[in-house]
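Have a look at the structure below, then the notes.
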Amino acid sequence: MDLIKHTHSVTDTPLLEWREHLPPHADKLQAGWLECKARNPQLLNQCYQLCLTAQRRGITRWSADAMFHVLRWETAASMNDNGLKVNNNYSSLAARDLMAERPELQGFFELRARKPRGNHGQIH
């Protein structure tokens with residue numbers, strides 16, 4: 001297995017090492033998101049490219065859910081299947097990662113506070 005060079009981004013982490021990057025307070029959603037990024041190292045870059053396209057078209061605020069749906073549509077056409085498999089619950093985490101890693105996307109997504117662990121409502 002070729003190991004990917006380590007950088008500051010978890011998205012560049014080899015699949016077997018993603019658990020090492022879990023913060024001590026990580027919840028199941030965060031753990032799942034890190035695993036998803038490890039299994040799909042191109043995911044955030046594909047999302048970033050979609051955001052740039054949206055910005056070039058004059059969109060100043062966008063939905064991370066919409067971004068995932070567009071990405072699924074586009075990958076389904078190129079992969080001749082149902083497209084990229086990514087849980088909708090990860091959309092808020094993808095938005096946070098994109099805005100943290102790409103200054104030009106600051107404020108592009110509206111963020112809500114995530115509910116604390118132990119709350120049985122949906123976490124955003």
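Every chain in the structure tokens has a letter given in the order shown (A, B, ...), and although residue numbers restart at 1 in each chain, ligands are simply numbered from 1 in the order shown.
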Practice problem: Give me the residues within 10 Å of range 61-71 of chain A as a VMD selection string, counting only C-alpha atoms and dropping any in the same chain fewer than 4 places off. | Solution: chain A and resid 43 46 to 51 54 to 55 75 to 76 83 to 96 98 105 to 111
